[in-house]
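Listing of start.txt; format and content: compact mmCIF, C-alpha atoms and all ligand atoms.
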```txt
# COMPACT_ATOMS: atom_id res chain seq x y z
CA MET H 1 0.00 0.00 0.00
CA ILE H 2 1.32 3.45 -0.93
CA LYS H 3 2.25 5.28 2.31
CA LEU H 4 3.75 8.67 1.75
CA GLN H 5 6.30 9.78 4.34
CA ASN H 6 7.52 12.70 2.30
CA LYS H 7 5.67 14.81 -0.26
CA LYS H 8 8.76 14.73 -2.49
CA ASP H 9 8.13 11.01 -2.99
CA CYS H 10 5.02 11.52 -5.10
CA CYS H 11 5.01 13.13 -8.54
CA GLY H 12 1.21 13.10 -8.85
CA CYS H 13 1.17 10.93 -11.98
CA TYR H 14 -2.05 9.04 -11.04
CA ALA H 15 -0.55 5.61 -11.95
CA CYS H 16 -1.42 4.18 -8.51
CA MET H 17 -5.01 5.37 -8.71
CA ASN H 18 -5.44 3.96 -12.22
CA SER H 19 -3.92 0.61 -11.26
CA CYS H 20 -5.87 -0.15 -8.08
CA PRO H 21 -8.12 -3.18 -8.85
CA LEU H 22 -10.62 -2.17 -6.15
CA ALA H 23 -10.59 1.55 -6.95
CA CYS H 24 -9.71 2.33 -3.35
CA ILE H 25 -7.18 5.06 -4.11
CA GLU H 26 -8.43 8.59 -4.38
CA MET H 27 -6.27 11.55 -5.42
CA GLN H 28 -6.80 14.40 -2.95
CA GLU H 29 -5.54 17.97 -3.14
CA ASP H 30 -3.27 19.12 -0.30
CA ALA H 31 -3.09 22.68 1.05
CA GLU H 32 -0.70 23.71 -1.74
CA GLY H 33 -3.11 22.37 -4.36
CA PHE H 34 -1.17 19.28 -5.51
CA ALA H 35 -2.88 15.89 -5.79
CA TYR H 36 -1.68 12.95 -3.64
CA PRO H 37 -3.02 9.40 -3.30
CA VAL H 38 -5.13 8.57 -0.27
CA VAL H 39 -5.81 4.85 0.25
CA ASN H 40 -9.02 3.55 1.76
CA GLU H 41 -7.32 1.14 4.16
CA GLU H 42 -10.50 -0.75 4.99
CA ARG H 43 -11.02 -1.76 1.37
CA CYS H 44 -7.34 -2.20 0.43
CA ILE H 45 -6.31 -5.87 -0.01
CA SER H 46 -2.55 -5.05 0.05
CA CYS H 47 -1.99 -6.42 -3.47
CA GLY H 48 0.96 -4.03 -3.83
CA LEU H 49 0.07 -3.00 -7.40
CA CYS H 50 0.12 0.69 -6.50
CA GLU H 51 3.75 0.40 -5.40
CA LYS H 52 4.73 -1.52 -8.54
CA VAL H 53 3.55 1.33 -10.79
CA CYS H 54 5.05 4.25 -8.86
CA PRO H 55 7.75 6.15 -10.85
CA VAL H 56 9.49 7.15 -7.61
CA LEU H 57 9.76 3.56 -6.37
CA ASN H 58 10.62 2.09 -9.78
CA ASN H 59 13.43 4.11 -11.19
CA LEU H 60 15.15 3.39 -14.53
CA GLN H 61 18.79 3.97 -15.47
CA PRO H 62 19.62 7.27 -17.23
CA ARG H 63 19.54 6.99 -21.04
CA LYS H 64 21.15 8.79 -23.91
CA PRO H 65 19.13 9.40 -27.11
CA LEU H 66 19.87 7.51 -30.34
CA TYR H 67 19.72 10.71 -32.40
CA VAL H 68 19.23 14.43 -31.74
CA TYR H 69 17.87 17.09 -34.09
CA ALA H 70 16.96 20.76 -34.22
CA VAL H 71 13.60 20.97 -36.03
CA LYS H 72 11.10 23.52 -37.35
CA ALA H 73 7.62 22.78 -38.70
CA LYS H 74 7.22 24.15 -42.22
CA SER H 75 3.80 25.57 -41.41
CA GLN H 76 4.16 29.10 -39.96
CA LYS H 77 0.74 28.77 -38.31
CA ILE H 78 1.70 25.62 -36.41
CA ARG H 79 5.00 27.13 -35.30
CA LYS H 80 3.32 30.37 -34.18
CA ASN H 81 0.85 28.49 -31.97
CA SER H 82 3.37 25.98 -30.60
CA SER H 83 5.86 26.60 -27.82
CA SER H 84 8.95 25.71 -29.78
CA GLY H 85 9.23 24.36 -33.34
CA GLY H 86 5.81 22.65 -33.52
CA VAL H 87 7.10 19.06 -33.65
CA PHE H 88 4.41 17.77 -31.31
CA SER H 89 1.74 18.83 -33.83
CA LEU H 90 3.55 17.15 -36.74
CA LEU H 91 3.83 13.85 -34.87
CA ALA H 92 0.23 14.08 -33.70
CA GLU H 93 -1.06 14.82 -37.22
CA GLN H 94 0.74 11.75 -38.48
CA VAL H 95 -0.98 9.58 -35.89
CA ILE H 96 -4.39 11.13 -36.65
CA GLN H 97 -3.86 10.49 -40.37
CA LYS H 98 -3.33 6.80 -39.56
CA GLY H 99 -6.71 6.82 -37.81
CA GLY H 100 -5.05 6.94 -34.38
CA ILE H 101 -5.77 8.77 -31.15
CA VAL H 102 -3.73 11.54 -29.49
CA PHE H 103 -3.66 12.29 -25.75
CA GLY H 104 -2.43 15.65 -24.49
CA ALA H 105 -2.89 18.47 -22.00
CA CYS H 106 -5.56 21.12 -22.59
CA PHE H 107 -7.77 23.56 -20.65
CA ASP H 108 -11.22 22.45 -19.54
CA GLU H 109 -14.22 24.80 -19.36
CA ASN H 110 -12.95 26.18 -16.00
CA ASN H 111 -9.41 26.77 -17.30
CA LYS H 112 -8.08 23.83 -15.35
CA VAL H 113 -5.35 21.84 -17.14
CA VAL H 114 -6.43 18.27 -17.80
CA HIS H 115 -5.47 15.33 -20.01
CA ARG H 116 -7.90 14.51 -22.83
CA TYR H 117 -7.78 12.73 -26.18
CA THR H 118 -8.77 13.50 -29.74
CA ARG H 119 -9.13 11.68 -33.06
CA THR H 120 -9.21 14.82 -35.21
CA LYS H 121 -6.73 17.37 -36.52
CA GLU H 122 -8.96 20.19 -35.24
CA GLY H 123 -8.95 18.60 -31.79
CA LEU H 124 -5.15 18.95 -31.65
CA GLU H 125 -5.37 22.73 -31.37
CA ALA H 126 -6.29 22.50 -27.70
CA PHE H 127 -3.16 20.45 -26.94
CA ARG H 128 -0.82 22.79 -28.76
CA GLY H 129 1.41 24.95 -26.55
CA SER H 130 2.88 24.42 -23.07
CA LYS H 131 0.62 24.92 -20.08
CA TYR H 132 2.79 25.61 -17.07
CA VAL H 133 0.52 23.89 -14.56
CA GLN H 134 0.37 20.23 -13.49
CA SER H 135 -2.26 18.56 -15.66
CA GLU H 136 -4.78 16.20 -14.13
CA ILE H 137 -4.45 12.70 -15.62
CA GLY H 138 -7.69 11.34 -14.15
CA SER H 139 -8.38 7.89 -15.62
CA ALA H 140 -6.52 8.57 -18.90
CA TYR H 141 -4.13 5.59 -18.54
CA LYS H 142 -7.05 3.14 -18.39
CA ILE H 143 -8.56 4.68 -21.51
CA VAL H 144 -5.18 4.40 -23.28
CA GLU H 145 -5.01 0.72 -22.35
CA ASP H 146 -8.47 0.05 -23.78
CA PHE H 147 -7.52 1.69 -27.09
CA LEU H 148 -4.23 -0.22 -27.25
CA LYS H 149 -5.92 -3.53 -26.56
CA SER H 150 -8.31 -2.89 -29.43
CA ASP H 151 -5.26 -2.40 -31.72
CA GLN H 152 -5.68 1.34 -32.18
CA VAL H 153 -2.62 3.56 -32.60
CA VAL H 154 -2.12 5.92 -29.66
CA LEU H 155 0.19 8.89 -29.15
CA PHE H 156 0.39 9.87 -25.48
CA SER H 157 2.13 13.16 -24.66
CA GLY H 158 2.91 14.52 -21.22
CA THR H 159 5.56 15.28 -18.64
CA PRO H 160 8.29 12.64 -18.09
CA CYS H 161 6.67 11.42 -14.84
CA GLN H 162 3.33 10.97 -16.62
CA ILE H 163 5.02 8.94 -19.36
CA ARG H 164 6.81 6.76 -16.80
CA GLY H 165 3.53 6.38 -14.88
CA LEU H 166 1.76 5.26 -18.07
CA HIS H 167 4.47 2.72 -18.98
CA LEU H 168 4.43 1.23 -15.47
CA PHE H 169 0.64 1.11 -15.45
CA LEU H 170 0.55 -0.71 -18.81
CA LYS H 171 3.18 -3.24 -17.63
CA LYS H 172 3.89 -4.46 -21.16
CA PHE H 173 5.18 -3.14 -24.47
CA TYR H 174 2.58 -2.13 -27.06
CA PRO H 175 3.93 -1.59 -30.60
CA ASN H 176 0.92 0.63 -31.34
CA LEU H 177 1.87 3.17 -28.60
CA LEU H 178 4.08 6.20 -29.20
CA THR H 179 5.06 8.19 -26.09
CA VAL H 180 6.28 11.78 -26.34
CA ASP H 181 7.49 13.72 -23.32
CA ILE H 182 8.95 17.16 -22.82
CA ILE H 183 12.10 18.45 -21.22
CA CYS H 184 10.43 19.55 -17.99
CA HIS H 185 11.29 22.51 -15.78
CA GLY H 186 8.74 21.35 -13.17
CA VAL H 187 5.04 21.93 -12.58
CA PRO H 188 3.12 24.45 -10.45
CA SER H 189 -0.09 23.50 -8.66
CA PRO H 190 -3.56 24.03 -10.16
CA LYS H 191 -4.47 26.03 -7.03
CA VAL H 192 -1.70 28.58 -7.63
CA TRP H 193 -2.78 28.87 -11.26
CA ASN H 194 -6.33 29.48 -10.11
CA ALA H 195 -5.19 32.11 -7.60
CA TYR H 196 -3.34 33.93 -10.38
CA LEU H 197 -6.33 33.75 -12.75
CA THR H 198 -8.62 35.12 -10.04
CA GLN H 199 -6.25 38.03 -9.42
CA VAL H 200 -5.66 38.94 -13.06
CA SER H 201 -9.40 38.74 -13.80
CA LYS H 202 -10.55 41.11 -11.03
CA GLY H 203 -13.19 43.44 -12.45
CA MET H 204 -13.68 41.18 -15.49
CA SER H 205 -16.37 38.84 -14.15
CA GLN H 206 -18.65 39.62 -17.12
CA TYR H 207 -15.99 38.30 -19.46
CA LYS H 208 -15.02 34.78 -20.45
CA ILE H 209 -11.33 33.88 -20.60
CA GLU H 210 -10.13 32.40 -23.89
CA ASN H 211 -6.87 31.61 -25.69
CA ILE H 212 -4.55 31.41 -22.69
CA ASN H 213 -1.01 31.30 -24.06
CA PHE H 214 2.01 30.81 -21.79
CA ARG H 215 4.32 31.07 -24.79
CA ASP H 216 3.01 33.95 -26.89
CA LYS H 217 5.61 34.70 -29.57
CA GLN H 218 4.56 38.29 -30.28
CA TYR H 219 7.83 39.53 -28.70
CA GLY H 220 9.74 36.62 -30.26
CA TRP H 221 10.35 33.01 -29.23
CA ARG H 222 13.21 33.70 -26.84
CA ASN H 223 11.51 36.69 -25.19
CA PHE H 224 8.12 35.07 -25.12
CA GLY H 225 5.13 36.56 -23.33
CA PHE H 226 2.05 35.39 -21.46
CA SER H 227 -1.29 36.29 -23.01
CA LEU H 228 -5.03 35.70 -22.77
CA ASN H 229 -8.24 37.13 -24.17
CA TYR H 230 -11.27 38.40 -22.25
CA VAL H 231 -14.36 37.95 -24.40
CA LYS H 232 -17.91 39.28 -23.99
CA ASP H 233 -20.26 38.92 -26.95
CA LYS H 234 -18.02 40.11 -29.77
CA HIS H 235 -15.89 42.40 -27.59
CA VAL H 236 -12.34 41.12 -27.00
CA ILE H 237 -9.71 42.52 -24.62
CA HIS H 238 -6.27 41.09 -25.27
CA LEU H 239 -3.81 40.96 -22.37
CA ILE H 240 -0.15 40.31 -23.15
CA GLU H 241 2.88 40.72 -20.89
CA PRO H 242 6.55 39.81 -21.42
CA LYS H 243 7.51 36.72 -19.40
CA TYR H 244 9.72 38.62 -16.97
CA LEU H 245 6.90 41.04 -16.09
CA ASN H 246 4.00 38.61 -15.88
CA TYR H 247 3.37 37.70 -12.23
CA TYR H 248 2.64 34.02 -12.87
CA MET H 249 5.67 33.52 -15.13
CA ARG H 250 7.93 35.35 -12.67
CA GLY H 251 6.93 32.89 -9.96
CA PHE H 252 7.20 29.88 -12.29
CA LEU H 253 10.62 30.79 -13.67
CA SER H 254 11.93 31.53 -10.13
CA ASP H 255 10.84 28.00 -9.11
CA ILE H 256 8.97 29.23 -6.04
CA PHE H 257 5.79 27.21 -6.55
CA LEU H 258 6.82 23.93 -8.21
CA ARG H 259 5.62 20.54 -6.96
CA PRO H 260 7.89 19.23 -4.15
CA SER H 261 8.91 16.16 -6.22
CA CYS H 262 10.09 18.41 -9.07
CA TYR H 263 13.03 19.55 -6.91
CA GLN H 264 14.26 15.93 -6.90
CA CYS H 265 12.61 14.64 -10.06
CA PRO H 266 13.03 10.85 -10.40
CA VAL H 267 12.75 10.79 -14.20
CA ARG H 268 15.19 13.34 -15.56
CA SER H 269 18.00 12.11 -17.85
CA LEU H 270 15.43 10.44 -20.12
CA LYS H 271 14.42 7.96 -17.42
CA SER H 272 10.77 8.28 -18.42
CA GLY H 273 11.11 5.56 -21.08
CA SER H 274 9.55 7.84 -23.74
CA ASP H 275 10.08 7.23 -27.45
CA ILE H 276 10.67 10.91 -28.19
CA THR H 277 11.57 13.88 -25.96
CA LEU H 278 10.79 17.43 -27.10
CA GLY H 279 12.10 20.73 -25.81
CA ASP H 280 13.08 24.22 -26.83
CA TYR H 281 16.32 24.27 -28.72
CA TRP H 282 18.03 26.93 -26.58
CA GLY H 283 21.34 25.12 -27.08
CA GLY H 284 24.79 26.24 -27.99
CA ALA H 285 25.63 25.02 -31.48
CA GLY H 286 27.11 27.99 -33.38
CA ASP H 287 26.79 26.23 -36.75
CA LEU H 288 22.99 26.29 -36.38
CA LEU H 289 22.76 30.07 -36.13
CA ASP H 290 21.37 30.42 -39.68
CA PHE H 291 18.55 28.05 -38.65
CA PHE H 292 17.22 30.35 -35.89
CA ASP H 293 14.64 32.96 -36.83
CA ASP H 294 13.17 33.59 -33.35
CA LYS H 295 9.91 31.86 -34.31
CA GLY H 296 10.74 28.66 -32.44
CA VAL H 297 13.00 25.64 -32.87
CA SER H 298 12.37 22.27 -31.22
CA ALA H 299 15.05 20.09 -29.71
CA VAL H 300 14.08 16.54 -30.69
CA LEU H 301 15.63 13.59 -28.86
CA LEU H 302 14.88 10.23 -30.45
CA ASN H 303 15.14 7.65 -27.70
CA THR H 304 13.84 4.46 -29.35
CA GLN H 305 13.64 2.92 -32.83
CA SER H 306 9.90 3.56 -32.85
CA GLY H 307 10.60 7.26 -32.24
CA VAL H 308 13.14 7.25 -35.09
CA ASP H 309 10.61 5.65 -37.48
CA TYR H 310 7.94 8.25 -36.72
CA PHE H 311 10.42 11.10 -36.97
CA ASN H 312 11.97 10.01 -40.28
CA ILE H 313 8.76 10.51 -42.23
CA LEU H 314 7.99 13.96 -40.76
CA ASP H 315 7.89 16.71 -43.34
CA ALA H 316 9.87 19.38 -41.46
CA GLU H 317 13.08 21.40 -41.57
CA LYS H 318 15.65 19.26 -39.73
CA ARG H 319 19.27 19.76 -38.70
CA ASP H 320 21.56 17.19 -37.06
CA SER H 321 22.50 18.10 -33.52
CA SER H 322 23.91 16.45 -30.40
CA TYR H 323 22.86 15.67 -26.85
CA LYS H 324 25.70 17.90 -25.62
CA ASP H 325 24.37 20.93 -27.52
CA VAL H 326 20.80 20.48 -26.28
CA LEU H 327 22.01 19.98 -22.71
CA ALA H 328 24.07 23.18 -22.94
CA GLY H 329 20.88 25.25 -23.09
CA ASN H 330 18.65 22.91 -21.11
CA GLN H 331 20.02 21.84 -17.75
CA SER H 332 16.49 20.65 -16.85
CA LEU H 333 17.20 17.63 -19.00
CA GLU H 334 19.44 16.24 -16.25
CA GLN H 335 19.14 18.47 -13.22
CA SER H 336 16.26 19.41 -10.97
CA HIS H 337 15.99 23.05 -9.94
CA SER H 338 16.90 23.80 -6.31
CA GLU H 339 14.04 24.48 -3.95
CA PRO H 340 14.19 28.18 -3.04
CA GLU H 341 13.74 29.11 0.64
CA LYS H 342 11.03 31.53 -0.49
CA ARG H 343 8.84 28.62 -1.55
CA THR H 344 7.63 28.12 2.03
CA LEU H 345 6.82 31.84 2.32
CA PHE H 346 4.92 31.74 -0.95
CA TYR H 347 2.72 28.79 0.01
CA ALA H 348 2.13 30.21 3.51
CA SER H 349 0.64 33.37 2.03
CA PHE H 350 -0.70 32.86 -1.48
CA GLU H 351 -4.29 32.21 -0.39
CA HIS H 352 -4.57 35.31 1.81
CA GLU H 353 -2.33 37.86 0.14
CA CYS H 354 -2.75 39.65 -3.18
CA PHE H 355 -0.91 37.48 -5.75
CA TYR H 356 0.87 40.51 -7.23
CA SER H 357 2.17 41.94 -3.94
CA LEU H 358 3.30 38.50 -2.82
CA ILE H 359 5.35 37.98 -5.99
CA ASP H 360 6.71 41.54 -5.74
CA ARG H 361 7.68 40.87 -2.13
CA LEU H 362 9.45 37.58 -2.93
CA ILE H 363 10.99 38.29 -6.34
CA ARG H 364 12.63 41.64 -6.86
CA LEU H 365 12.53 43.29 -10.28
CA SER H 366 15.31 45.47 -11.62
CA PHE H 367 14.63 49.24 -11.82
CA LYS H 368 14.16 49.01 -15.63
CA GLU H 369 11.72 46.11 -15.23
CA ARG H 370 9.76 48.06 -12.59
CA ILE H 371 9.30 51.02 -14.94
CA LYS H 372 8.10 48.67 -17.69
CA LEU H 373 5.69 47.02 -15.26
CA PHE H 374 4.30 50.38 -14.17
CA ILE H 375 3.58 51.34 -17.79
CA LEU H 376 2.00 47.95 -18.50
CA ASN H 377 -0.30 48.17 -15.46
CA PHE H 378 -1.28 51.71 -16.42
CA ARG H 379 -2.21 50.56 -19.95
CA MET H 380 -4.21 47.65 -18.51
CA ARG H 381 -6.21 50.00 -16.25
CA ILE H 382 -7.00 52.30 -19.19
CA ASN H 383 -8.08 49.25 -21.21
CA LYS H 384 -10.41 48.09 -18.45
CA LEU H 385 -11.88 51.60 -18.00
CA ASN H 386 -12.64 51.78 -21.72
CA LYS H 387 -14.30 48.39 -21.92
C1 LIG H 401 5.40 22.24 -17.45
C2 LIG H 401 6.33 22.31 -18.62
C3 LIG H 401 7.68 22.60 -18.43
C4 LIG H 401 8.55 22.65 -19.51
N1 LIG H 401 9.87 22.93 -19.27
C5 LIG H 401 10.76 22.97 -20.32
C6 LIG H 401 12.15 23.23 -20.12
O1 LIG H 401 12.60 23.44 -18.99
N2 LIG H 401 12.97 23.22 -21.20
C7 LIG H 401 12.49 22.96 -22.47
O2 LIG H 401 13.29 22.97 -23.42
N3 LIG H 401 11.19 22.70 -22.68
C8 LIG H 401 10.31 22.70 -21.65
N4 LIG H 401 8.99 22.42 -21.87
C9 LIG H 401 8.58 21.95 -23.21
C10 LIG H 401 8.43 23.04 -24.25
O3 LIG H 401 7.82 24.17 -23.67
C11 LIG H 401 7.54 22.56 -25.41
O4 LIG H 401 6.33 22.05 -24.93
C12 LIG H 401 8.17 21.46 -26.19
O5 LIG H 401 9.35 21.96 -26.73
C13 LIG H 401 7.26 20.97 -27.33
O6 LIG H 401 7.01 22.03 -28.15
P1 LIG H 401 6.32 21.89 -29.60
O7 LIG H 401 6.49 23.20 -30.26
O8 LIG H 401 6.81 20.67 -30.30
O9 LIG H 401 4.82 21.59 -29.32
P2 LIG H 401 3.73 22.26 -28.36
O10 LIG H 401 2.49 22.29 -29.12
O11 LIG H 401 4.21 23.50 -27.77
O12 LIG H 401 3.68 21.16 -27.23
C14 LIG H 401 2.56 20.78 -26.62
C15 LIG H 401 2.82 19.47 -25.95
O13 LIG H 401 3.07 19.67 -24.58
C16 LIG H 401 2.14 18.91 -23.82
N5 LIG H 401 1.81 19.70 -22.63
C17 LIG H 401 1.49 21.00 -22.57
N6 LIG H 401 1.26 21.36 -21.30
C18 LIG H 401 1.41 20.25 -20.55
C19 LIG H 401 1.27 19.97 -19.17
N7 LIG H 401 0.92 20.91 -18.29
N8 LIG H 401 1.50 18.71 -18.75
C20 LIG H 401 1.82 17.74 -19.61
N9 LIG H 401 1.98 17.94 -20.94
C21 LIG H 401 1.78 19.19 -21.39
C22 LIG H 401 0.92 18.76 -24.74
O14 LIG H 401 0.20 17.62 -24.38
C23 LIG H 401 1.61 18.60 -26.06
O15 LIG H 401 2.10 17.29 -26.20
C24 LIG H 401 8.08 22.41 -20.82
C25 LIG H 401 6.72 22.15 -21.01
C26 LIG H 401 5.84 22.09 -19.93
C27 LIG H 401 4.40 21.79 -20.17
```
Here is the file; what I need is its structure written in the form of structure tokens.
Amino acid sequence: MIKLQNKKDCCGCYACMNSCPLACIEMQEDAEGFAYPVVNEERCISCGLCEKVCPVLNNLQPRKPLYVYAVKAKSQKIRKNSSSGGVFSLLAEQVIQKGGIVFGACFDENNKVVHRYTRTKEGLEAFRGSKYVQSEIGSAYKIVEDFLKSDQVVLFSGTPCQIRGLHLFLKKFYPNLLTVDIICHGVPSPKVWNAYLTQVSKGMSQYKIENINFRDKQYGWRNFGFSLNYVKDKHVIHLIEPKYLNYYMRGFLSDIFLRPSCYQCPVRSLKSGSDITLGDYWGGAGDLLDFFDDKGVSAVLLNTQSGVDYFNILDAEKRDSSYKDVLAGNQSLEQSHSEPEKRTLFYASFEHECFYSLIDRLIRLSFKERIKLFILNFRMRINKLNK
């Protein structure tokens, strides 16, 4: 039976809940807003399955990819709406064309990040782009298993711990499954995301939030921004802020509200078992400079032969690269971020204090950044007054 002594020992992947034959594990939110398994001890028969599928308890050896590439989708539209070079969409479209099913993270009707699946190209739009919040897996692994058993092709995309959780849950190799994970910085809690949304939407209760984009490329791919739309009837108010001025992104990039397990992630160094790993190609290769146009380049790590086979038939702009070059710009590939002392202060206060003043108190901006923030806030107020 899963008994958590330390919050860092659970990555919230839902594999234990999905695997319990008596459905006696429930995922419950803690005070920080992260989901943890709670076992109904009266019903539990101590079969031990939940422990056998836990990514923390069942660690793999670090891997190195077979091949590494820098890649751009040829479609400008796909690249614009994707976080890096749009490779996820190209892989997913290939699977859809084969009549397969794609699982990914999207927003639900309450702007919560959840895992869903689609069989259509149009359905992929919701999965496109990184959502910097832990997504809720729910019973997705069981649904994947049903599809696989009925010989359907499935692409499952998610964080490395979700991919490892899925593989452990499935217990066996399915040739009709392609798993794609991301180089992962770490994930914030849904409760923090909700607190931010509540703060930023003050005075906008008549409006619906649409098109949330954590990686808006209006200022470029490297200097990306956070954006969303407020919509009422046909009236749209567009909010966009550079990443270093947006309160949520400042907290995320300073690591002050990541999940405890992310500070000692058990699946970095490609230990997720995924076929393909995708990231931003921030890396150091000078000979690729002519390839960068600040619209997004994906780092693609092909970890298995199945990943290689899918990748080889992609119609995209590709350049050979190396693990060393990707790692140079992406330490998250191997190393967890350190837990800042301020994390405790953040979680002690975020429910009672104004989100903005809390972030300002914990993360100092430079003088130049403060001036820019003042102007941005002023413009926002004018926008709201004119609505
Ligand atoms: C929480 C998080 C942290 C990341 N940290 C890094 C990093 O440190 N370095 C780096 O190089 N890249 C990081 N990435 C990955 C990067 O932002 C891109 O997602 C990746 O390069 C793929 O980009 P793309 O253009 O091919 O496709 P996109 O369309 O941008 O990718 C979307 C894919 O990401 C998945 N996804 C989106 N949000 C979530 C989520 N909350 N949980 C699980 N899966 C999700 C979707 O299911 C889909 O498969 C991170 C992504 C996330 C979600």
**Message:** Taking only C-alpha atoms and all ligand atoms and a cut-off of 8 Å, can you tell me which residues surround ligand LIG 401 (chain H), written as a PyMOL selection string?
**Reply:** chain H and resi 79+81-89+103-106+113-115+127-135+156-159+162+180-188+215+278-282+296-299+329-333
**Item:** Which of H:Gly251, H:Pro55, H:Gly307, H:Pro340 sits closest to H:Ser189 [using only C-alpha atoms]
**Value:** H:Gly251
**Asked** Taking into account all atoms listed in the file, which residue in the set H:Leu66, H:Asn229, H:Asp108, H:Leu289 is nearest to H:Val308?
**Response**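 Answer, going by the shortest atom-to-atom distance: H:Leu66.
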**Request:** Excluding H:Gly33 and any residue of its chain fewer than 6 positions from it, enumerate the residues within 12 Å of it, using only C-alpha atoms, and give them as a PyMOL selection string.
**Result:** chain H and resi 12+27+133-136+187-195+257-260+347+350-351
**Two-atom distance - atom CA of H:Gly99, atom CA of H:Arg119 (Å)** = 7.2 Å
**Message:** Residues near H:Val95, anyone? I mean within 9 Å using all atoms listed in the file, not counting same-chain ones fewer than 6 positions away, as JSON, numbers by chain.
**Reply:** {"H": [101, 102, 119, 153, 154, 155]}
**Request:** Rank H:Ser349, H:Gln94, H:Ser366, H:Asn211 by their smallest atom-to-atom distance to H:Phe311, using all atoms listed in the file, and report the top residue only.
**Result:**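 That would be H:Gln94, the residue with the smallest distance to H:Phe311.
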**Item:** Separation of atom CA of H:Ile2 from atom CA of H:Pro21 in Å
**Value:**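 Going from atom CA of H:Pro21 over to atom CA of H:Ile2, I get 14.0 Å.
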**Request:** Between atom CA of H:Ile209 and atom CA of H:Val231, measure the distance and give it in Å to one decimal.
**Result:**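 Pair atom CA of H:Ile209 / atom CA of H:Val231 returns 6.3 Å.
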**Contacts of H:Ala140 within 9 Å, only C-alpha atoms, excl. fewer than 2 positions in-chain, as a PyMOL selection string** = chain H and resi 18+103+115-117+137-138+142-145+166
**Request:** Between H:Val38, H:Met249, H:Ala23, H:Ile212, single out the one closest to H:Lys112, counting only C-alpha atoms.
**Result:**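 Checking each of H:Val38, H:Met249, H:Ala23, H:Ile212 against H:Lys112, counting only C-alpha atoms, the winner is H:Ile212.
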**Message:** Is it possible to get the residues within 9 Å of (6.0, 8.0, -15.2) (coordinates as in the file, counting all atoms listed in the file) written as a list of chain:residue names?
**Reply:**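 Result, sorted by chain then residue number: H:Cys11, H:Cys13, H:Ala15, H:Val53, H:Cys54, H:Pro55, H:Val56, H:Thr159, H:Pro160, H:Cys161, H:Gln162, H:Ile163, H:Arg164, H:Gly165, H:Leu166, H:His167, H:Leu168, H:Phe169, H:Pro266, H:Val267, H:Lys271, H:Ser272, H:Gly273.
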**Message:** I need the residue nearest H:Asn303 from this list: H:Phe214, H:Tyr14, H:Tyr356, H:Tyr323. Use all atoms listed in the file for the distance.
**Reply:** H:Tyr323
